[in-house]
file model.tsv (TSV, C-alpha atoms)
chain	number	residue	atom	x	y	z
A	1	MET	CA	-11.80	16.15	-12.04
A	2	ARG	CA	-11.06	17.48	-15.51
A	3	THR	CA	-8.05	19.77	-15.40
A	4	ILE	CA	-7.74	22.25	-18.26
A	5	ALA	CA	-4.73	24.51	-18.73
A	6	ILE	CA	-5.38	27.79	-20.54
A	7	THR	CA	-2.11	28.65	-22.21
A	8	ASN	CA	-0.37	30.49	-25.01
A	9	LEU	CA	3.26	31.58	-25.21
A	10	LYS	CA	2.06	34.98	-26.44
A	11	GLY	CA	0.48	37.60	-24.19
A	12	GLY	CA	-2.55	39.71	-25.03
A	13	CYS	CA	-4.60	36.86	-26.51
A	14	GLY	CA	-7.37	36.75	-23.91
A	15	LYS	CA	-5.85	33.95	-21.84
A	16	THR	CA	-6.77	35.28	-18.40
A	17	THR	CA	-10.13	36.56	-19.63
A	18	THR	CA	-10.87	33.06	-20.87
A	19	SER	CA	-9.69	31.42	-17.63
A	20	VAL	CA	-11.85	33.67	-15.45
A	21	ASN	CA	-14.99	33.57	-17.57
A	22	LEU	CA	-14.85	29.90	-18.51
A	23	ALA	CA	-14.44	28.99	-14.83
A	24	ALA	CA	-17.37	31.26	-13.96
A	25	ALA	CA	-19.54	29.77	-16.72
A	26	LEU	CA	-18.78	26.21	-15.59
A	27	ALA	CA	-19.66	27.09	-12.00
A	28	LEU	CA	-22.93	28.70	-13.07
A	29	LYS	CA	-23.76	25.51	-14.98
A	30	GLY	CA	-23.55	23.66	-11.68
A	31	TYR	CA	-20.00	22.31	-11.81
A	32	ARG	CA	-17.81	22.53	-8.72
A	33	THR	CA	-14.92	24.52	-10.21
A	34	LEU	CA	-11.41	25.36	-9.02
A	35	LEU	CA	-9.56	28.22	-10.73
A	36	ILE	CA	-5.79	28.29	-10.17
A	37	ASP	CA	-4.02	31.56	-10.91
A	38	LEU	CA	-0.57	30.38	-11.98
A	39	ASP	CA	0.57	33.74	-13.34
A	40	PRO	CA	2.74	35.98	-11.09
A	41	GLN	CA	0.85	39.00	-12.42
A	42	GLY	CA	-2.18	37.77	-10.48
A	43	HIS	CA	-4.68	39.02	-13.05
A	44	ALA	CA	-7.11	36.13	-12.55
A	45	THR	CA	-7.03	36.93	-8.83
A	46	LEU	CA	-7.77	40.59	-9.55
A	47	GLY	CA	-10.54	39.48	-11.90
A	48	PHE	CA	-12.56	38.41	-8.86
A	49	GLY	CA	-11.90	41.56	-6.86
A	50	ILE	CA	-9.18	40.01	-4.69
A	51	ILE	CA	-6.09	42.16	-4.13
A	52	PRO	CA	-3.08	39.85	-4.67
A	53	GLU	CA	-0.81	41.79	-2.29
A	54	ASN	CA	-3.31	41.32	0.54
A	55	ARG	CA	-3.10	37.53	0.50
A	56	ASN	CA	-0.89	36.06	3.22
A	57	ARG	CA	-0.84	32.70	1.46
A	58	THR	CA	-1.20	31.94	-2.24
A	59	ILE	CA	-0.56	29.14	-4.70
A	60	TYR	CA	3.13	30.04	-4.30
A	61	ASP	CA	3.10	28.61	-0.77
A	62	VAL	CA	1.38	25.42	-1.93
A	63	ILE	CA	3.98	24.84	-4.64
A	64	THR	CA	7.09	25.71	-2.64
A	65	ASN	CA	6.11	24.32	0.76
A	66	PRO	CA	4.75	20.75	1.03
A	67	ASP	CA	3.47	21.56	4.53
A	68	VAL	CA	0.97	24.10	3.14
A	69	PRO	CA	-2.09	22.24	1.78
A	70	LEU	CA	-4.13	23.70	-1.05
A	71	GLN	CA	-7.15	24.22	1.20
A	72	CYS	CA	-5.20	26.80	3.24
A	73	VAL	CA	-5.01	29.26	0.34
A	74	LEU	CA	-8.41	28.82	-1.31
A	75	VAL	CA	-10.80	31.76	-1.54
A	76	GLN	CA	-14.54	31.58	-2.22
A	77	SER	CA	-15.49	33.75	-5.20
A	78	ASN	CA	-18.76	35.62	-5.64
A	79	ILE	CA	-20.09	32.56	-7.49
A	80	PRO	CA	-21.05	29.79	-5.04
A	81	LYS	CA	-19.48	26.84	-6.87
A	82	LEU	CA	-16.31	28.67	-7.94
A	83	ILE	CA	-13.23	28.60	-5.68
A	84	LEU	CA	-10.00	30.45	-6.43
A	85	ALA	CA	-6.38	29.60	-5.65
A	86	PRO	CA	-4.93	33.14	-5.79
A	87	SER	CA	-1.53	34.35	-6.90
A	88	ASN	CA	0.70	37.39	-6.47
A	89	VAL	CA	4.15	38.57	-7.50
A	90	LEU	CA	5.83	36.16	-5.08
A	91	LEU	CA	5.01	33.40	-7.55
A	92	SER	CA	7.79	34.70	-9.78
A	93	GLY	CA	10.19	33.30	-7.18
A	94	ALA	CA	8.71	29.81	-7.44
A	95	GLU	CA	10.96	29.01	-10.40
A	96	ALA	CA	14.06	29.16	-8.24
A	97	ALA	CA	12.44	27.08	-5.50
A	98	LEU	CA	11.25	24.45	-8.00
A	99	MET	CA	14.73	24.07	-9.45
A	100	LYS	CA	15.89	22.65	-6.12
A	101	MET	CA	13.07	20.11	-5.88
A	102	GLN	CA	13.03	16.50	-6.95
A	103	ASP	CA	10.67	15.77	-9.86
A	104	ARG	CA	10.17	19.52	-10.15
A	105	GLU	CA	8.02	19.28	-13.29
A	106	HIS	CA	5.24	17.45	-11.41
A	107	VAL	CA	4.97	19.37	-8.14
A	108	LEU	CA	1.60	20.96	-8.90
A	109	MET	CA	0.16	17.64	-10.07
A	110	LYS	CA	1.12	16.02	-6.76
A	111	ARG	CA	-0.34	18.91	-4.75
A	112	LEU	CA	-3.67	18.56	-6.58
A	113	GLU	CA	-4.04	14.79	-6.41
A	114	LYS	CA	-5.77	14.57	-3.03
A	115	TYR	CA	-8.34	17.24	-3.98
A	116	GLU	CA	-9.57	15.69	-7.23
A	117	ARG	CA	-12.70	14.24	-5.64
A	118	TYR	CA	-13.89	17.68	-4.49
A	119	PHE	CA	-14.07	19.34	-7.91
A	120	ASP	CA	-15.55	18.62	-11.31
A	121	TYR	CA	-13.28	21.07	-13.14
A	122	CYS	CA	-9.94	22.72	-12.50
A	123	ILE	CA	-8.99	25.64	-14.75
A	124	ILE	CA	-5.34	26.77	-14.67
A	125	ASP	CA	-4.43	30.25	-15.90
A	126	CYS	CA	-0.81	30.01	-17.11
A	127	SER	CA	1.79	32.73	-17.60
A	128	PRO	CA	2.59	33.65	-21.25
A	129	SER	CA	5.86	31.70	-21.40
A	130	LEU	CA	7.13	28.14	-21.29
A	131	SER	CA	8.37	28.47	-17.73
A	132	LEU	CA	8.73	25.74	-15.14
A	133	LEU	CA	5.40	26.92	-13.73
A	134	THR	CA	3.70	26.48	-17.10
A	135	LEU	CA	5.30	23.07	-17.44
A	136	ASN	CA	3.84	22.15	-14.04
A	137	ALA	CA	0.41	23.26	-15.25
A	138	LEU	CA	0.69	21.18	-18.43
A	139	ASN	CA	1.77	18.13	-16.44
A	140	ALA	CA	-1.12	18.56	-13.99
A	141	ALA	CA	-3.62	18.96	-16.85
A	142	THR	CA	-5.17	16.44	-19.16
A	143	GLU	CA	-6.46	19.08	-21.56
A	144	VAL	CA	-5.32	22.38	-23.02
A	145	ILE	CA	-7.28	25.27	-24.48
A	146	VAL	CA	-5.17	27.72	-26.51
A	147	PRO	CA	-6.71	31.20	-26.88
A	148	VAL	CA	-5.55	32.87	-30.10
A	149	GLN	CA	-6.28	36.37	-31.30
A	150	THR	CA	-7.73	36.55	-34.80
A	151	HIS	CA	-4.63	38.14	-36.30
A	152	TYR	CA	-2.37	37.05	-39.17
A	153	TYR	CA	0.70	36.81	-36.96
A	154	SER	CA	-1.18	34.45	-34.65
A	155	ILE	CA	-1.15	31.68	-37.26
A	156	GLU	CA	2.65	31.38	-37.21
A	157	GLY	CA	2.76	31.74	-33.42
A	158	LEU	CA	0.14	29.03	-33.03
A	159	LYS	CA	2.28	26.54	-34.93
A	160	GLN	CA	5.04	27.07	-32.35
A	161	VAL	CA	2.59	26.56	-29.47
A	162	LEU	CA	1.38	23.27	-30.93
A	163	GLU	CA	4.95	22.08	-31.46
A	164	THR	CA	5.74	22.93	-27.83
A	165	LEU	CA	2.70	21.02	-26.60
A	166	ASP	CA	3.81	18.01	-28.65
A	167	ILE	CA	7.19	18.10	-26.91
A	168	VAL	CA	5.54	18.29	-23.47
A	169	ARG	CA	3.25	15.39	-24.34
A	170	ASN	CA	6.10	13.23	-25.65
A	171	ARG	CA	8.54	13.97	-22.82
A	172	PHE	CA	6.40	14.53	-19.74
A	173	ASN	CA	2.65	13.99	-20.02
A	174	PRO	CA	1.37	11.49	-22.59
A	175	LEU	CA	-2.23	12.03	-21.36
A	176	LEU	CA	-2.21	15.70	-22.40
A	177	HIS	CA	-4.33	16.61	-25.41
A	178	ILE	CA	-5.54	19.81	-27.01
A	179	ARG	CA	-9.21	20.34	-26.21
A	180	GLY	CA	-9.28	23.15	-28.73
A	181	ILE	CA	-7.99	26.43	-30.10
A	182	LEU	CA	-10.21	29.34	-29.09
A	183	LEU	CA	-10.42	32.35	-31.39
A	184	THR	CA	-10.56	35.51	-29.28
A	185	LEU	CA	-10.77	39.30	-29.63
A	186	ALA	CA	-12.58	38.92	-32.94
A	187	GLU	CA	-13.94	42.07	-34.53
A	188	GLN	CA	-17.64	41.72	-35.19
A	189	GLY	CA	-18.56	41.82	-38.87
A	190	THR	CA	-15.14	42.68	-40.35
A	191	VAL	CA	-14.03	41.00	-43.57
A	192	LEU	CA	-10.43	40.72	-42.34
A	193	CYS	CA	-11.42	38.92	-39.15
A	194	LYS	CA	-13.66	36.48	-41.02
A	195	ASP	CA	-10.89	35.83	-43.53
A	196	ILE	CA	-8.42	34.97	-40.76
A	197	GLU	CA	-10.97	32.71	-39.07
A	198	ASN	CA	-11.57	30.86	-42.33
A	199	GLN	CA	-7.83	30.43	-42.87
A	200	MET	CA	-7.37	29.06	-39.36
A	201	ARG	CA	-10.27	26.63	-39.70
A	202	SER	CA	-8.93	25.51	-43.07
A	203	TYR	CA	-5.42	24.94	-41.72
A	204	PHE	CA	-6.12	23.57	-38.22
A	205	GLY	CA	-9.46	21.91	-38.93
A	206	GLN	CA	-11.40	20.53	-35.95
A	207	LEU	CA	-8.80	21.85	-33.50
A	208	ILE	CA	-10.54	25.24	-33.82
A	209	LEU	CA	-13.45	25.41	-31.39
A	210	LYS	CA	-16.85	26.40	-32.76
A	211	THR	CA	-17.19	29.19	-30.21
A	212	VAL	CA	-15.59	32.51	-31.11
A	213	ILE	CA	-15.08	35.24	-28.49
A	214	HIS	CA	-15.67	38.73	-29.89
A	215	ARG	CA	-14.16	41.95	-28.63
A	216	SER	CA	-16.43	43.70	-26.14
A	217	ILE	CA	-16.12	46.85	-24.05
A	218	ARG	CA	-18.12	45.28	-21.22
A	219	LEU	CA	-15.88	42.23	-21.30
A	220	ALA	CA	-12.90	44.55	-20.82
A	221	GLU	CA	-14.65	46.48	-18.04
A	222	ALA	CA	-15.60	43.46	-15.94
A	223	PRO	CA	-12.14	42.89	-14.30
A	224	GLY	CA	-12.12	46.49	-13.09
A	225	ALA	CA	-15.31	45.71	-11.20
A	226	GLY	CA	-13.77	42.57	-9.72
A	227	GLU	CA	-16.22	40.30	-11.51
A	228	SER	CA	-16.45	37.92	-14.41
A	229	ILE	CA	-18.61	39.01	-17.32
A	230	MET	CA	-21.05	36.30	-16.24
A	231	THR	CA	-22.10	38.33	-13.17
A	232	PHE	CA	-21.04	41.80	-14.33
A	233	ASP	CA	-23.28	41.80	-17.38
A	234	PRO	CA	-24.91	38.40	-17.95
A	235	LYS	CA	-26.83	39.64	-21.00
A	236	ASN	CA	-23.67	40.79	-22.75
A	237	GLN	CA	-22.55	38.96	-25.88
A	238	GLY	CA	-19.29	38.00	-24.14
A	239	ALA	CA	-21.21	36.27	-21.34
A	240	LYS	CA	-23.28	34.34	-23.86
A	241	GLU	CA	-20.16	33.31	-25.78
A	242	TYR	CA	-18.33	32.05	-22.70
A	243	MET	CA	-21.41	30.12	-21.64
A	244	GLN	CA	-21.47	28.64	-25.15
A	245	LEU	CA	-17.80	27.70	-24.72
A	246	ALA	CA	-18.59	25.96	-21.43
A	247	GLU	CA	-21.37	24.00	-23.13
A	248	GLU	CA	-19.04	23.08	-25.99
A	249	ILE	CA	-16.41	21.53	-23.75
A	250	CYS	CA	-18.83	19.87	-21.31
A	251	TYR	CA	-19.13	16.37	-22.68
A	252	GLU	CA	-19.51	14.89	-19.20
A	253	LYS	CA	-22.57	14.97	-16.99
A	254	ILE	CA	-22.24	16.67	-13.64
A	255	ARG	CA	-20.64	14.28	-11.18
A	256	LEU	CA	-21.64	14.34	-7.56
A	257	THR	CA	-18.68	15.71	-5.65
A	258	GLN	CA	-18.11	15.41	-1.94
A	259	THR	CA	-19.61	18.33	-0.07
A	260	ASP	CA	-17.73	17.91	3.19
A	261	PHE	CA	-14.79	19.96	1.92
A	262	VAL	CA	-12.96	21.97	4.54
A	263	ASN	CA	-14.51	25.39	5.14
A	264	ILE	CA	-12.82	28.12	3.13
call {"tool": "encode", "arguments": {"input": "model.tsv", "output": "structure tokens"}}
result
Amino acid sequence: MRTIAITNLKGGCGKTTTSVNLAAALALKGYRTLLIDLDPQGHATLGFGIIPENRNRTIYDVITNPDVPLQCVLVQSNIPKLILAPSNVLLSGAEAALMKMQDREHVLMKRLEKYERYFDYCIIDCSPSLSLLTLNALNAATEVIVPVQTHYYSIEGLKQVLETLDIVRNRFNPLLHIRGILLTLAEQGTVLCKDIENQMRSYFGQLILKTVIHRSIRLAEAPGAGESIMTFDPKNQGAKEYMQLAEEICYEKIRLTQTDFVNI
């Protein structure tokens, strides 16, 4: 299982949008995909039409209670190969619970270990901060995608993100590497946006993914319908771009996963 954390210390950069739509694109390509909503806001959960407050058990229970296995909280999405581990506001209390645990930076990694053979991909939507939850996500992951808005201020902020990831790699998870920086919320055809993209590609080189996600009204409307853009409007430019992103990061062939997973 390839585990990819979608993270940025800054909000409003398309992090959850990327998590939801990349997971959906991977599932539609035939990959058995697990999406973990590790943000107390529960926006990735809402993105699939699931009301966070209505869930009796969420990823919070898995993290804080070793007697609650991951399979007890999983929800089947409207895409057959995509399964969601939902979140709600209770997750904000996980920080305090984790502080009391031994090896608290690796709790999520340990909870996921026994399920690796059931999934090809695991996408983790992180909160916009370097919290203990985000640290758990980065320790459970082997790869990171950093969504960055095409804005001048983003260049300086991105440097801080990369420095933080270096610290995590050196202190906690030497296997972690940056799969790529994803330019998001780009304005189609504007000189300013193209100028920023060129500057970023010049400065960060091959770290910048080829795929660029452009701003789209339909992309913004999809969460309100409880769907990813892939099913909400599959002909939309945003759907095509997220499918292109999935193709860009898929360097492995589809592995045959076990199909006798516990019923959701």
call {"tool": "atom_distance", "arguments": {"input": "model.tsv", "atom1": "atom CA of A:Cys13", "atom2": "atom CA of A:Lys81"}}
result
26.6 Å
call {"tool": "closest_residue", "arguments": {"input": "model.tsv", "among": "A:Val68, A:Leu112, A:Leu209, A:Ile181", "to": "A:Glu247", "atoms": "only C-alpha atoms"}}
result
A:Leu209
call {"tool": "residues_around", "arguments": {"input": "model.tsv", "residues": "A:Ile208", "least_positions_apart": "5", "cutoff": "12 Å", "atoms": "all atoms listed in the file", "output": "list in words"}}
result
Ile145, Val146, Pro147, Val148, Thr150, Ile155, Leu158, Ile178, Arg179, Gly180, Ile181, Leu182, Leu183, Thr184, Glu197, Asn198, Gln199, Met200, Arg201, Ser202, Tyr203, Leu245 and Glu248 of chain A
call {"tool": "closest_residue", "arguments": {"input": "model.tsv", "among": "A:His151, A:Arg57, A:Lys110, A:Gln71", "to": "A:Leu192", "atoms": "all atoms listed in the file"}}
result
A:His151
call {"tool": "residues_around", "arguments": {"input": "model.tsv", "residues": "A:Ser92", "least_positions_apart": "3", "cutoff": "12 Å", "atoms": "all atoms listed in the file", "output": "PyMOL selection string"}}
result
chain A and resi 38-42+59-61+63-64+87-89+95-98+127+131-134
call {"tool": "closest_residue", "arguments": {"input": "model.tsv", "among": "A:Gln76, A:Gln188, A:Ser228, A:Gln244", "to": "A:His214", "atoms": "all atoms listed in the file"}}
result
A:Gln188
call {"tool": "closest_atom_pairs", "arguments": {"input": "model.tsv", "of": "stretch 57-108 of chain A", "to": "stretch 230-242 of chain A", "cutoff": "12 Å", "atoms": "only C-alpha atoms", "output": "CSV"}}
result
residue,atom,partner,partner_atom,distance
A:Ser77,CA,A:Thr231,CA,11.3
A:Asn78,CA,A:Thr231,CA,8.7
A:Ile79,CA,A:Thr231,CA,8.3
A:Pro80,CA,A:Thr231,CA,11.8
call {"tool": "residues_near_point", "arguments": {"input": "model.tsv", "point": "(2.4, 39.8, -1.0)", "cutoff": "7 Å", "atoms": "only C-alpha atoms", "output": "list in words"}}
result
Pro52, Glu53, Asn54, Arg55, Asn56, Asn88, Val89 and Leu90 of chain A
call {"tool": "atom_distance", "arguments": {"input": "model.tsv", "atom1": "atom CA of A:Ala23", "atom2": "atom CA of A:Tyr118"}}
result
15.3 Å
call {"tool": "residues_around", "arguments": {"input": "model.tsv", "residues": "A:Glu113", "least_positions_apart": "5", "cutoff": "10 Å", "atoms": "all atoms listed in the file", "output": "list in words"}}
result
Met1, Leu108 and Ala140 of chain A
call {"tool": "write_last_selection", "arguments": {"input": "model.tsv", "atoms": "C-alpha atoms", "output": "mmCIF file, in the frame of the given file"}}
result
data_model
loop_
_atom_site.group_PDB
_atom_site.id
_atom_site.type_symbol
_atom_site.label_atom_id
_atom_site.label_comp_id
_atom_site.auth_asym_id
_atom_site.auth_seq_id
_atom_site.Cartn_x
_atom_site.Cartn_y
_atom_site.Cartn_z
ATOM 1 C CA MET A 1 -11.800 16.150 -12.040
ATOM 2 C CA LEU A 108 1.600 20.960 -8.900
ATOM 3 C CA ALA A 140 -1.120 18.560 -13.990
#
call {"tool": "atom_distance", "arguments": {"input": "model.tsv", "atom1": "atom CA of A:Lys210", "atom2": "atom CA of A:Gly11"}}
result
22.3 Å
call {"tool": "residues_around", "arguments": {"input": "model.tsv", "residues": "A:Val144", "least_positions_apart": "4", "cutoff": "8 Å", "atoms": "only C-alpha atoms", "output": "list of chain:residue names"}}
result
A:Ile4, A:Ala5, A:Ile6, A:Thr7, A:Leu138, A:Leu176, A:His177, A:Ile178, A:Arg179, A:Gly180
call {"tool": "closest_residue", "arguments": {"input": "model.tsv", "among": "A:Asp67, A:Leu219, A:Asn173, A:Ile83", "to": "A:Ala24", "atoms": "all atoms listed in the file"}}
result
A:Ile83
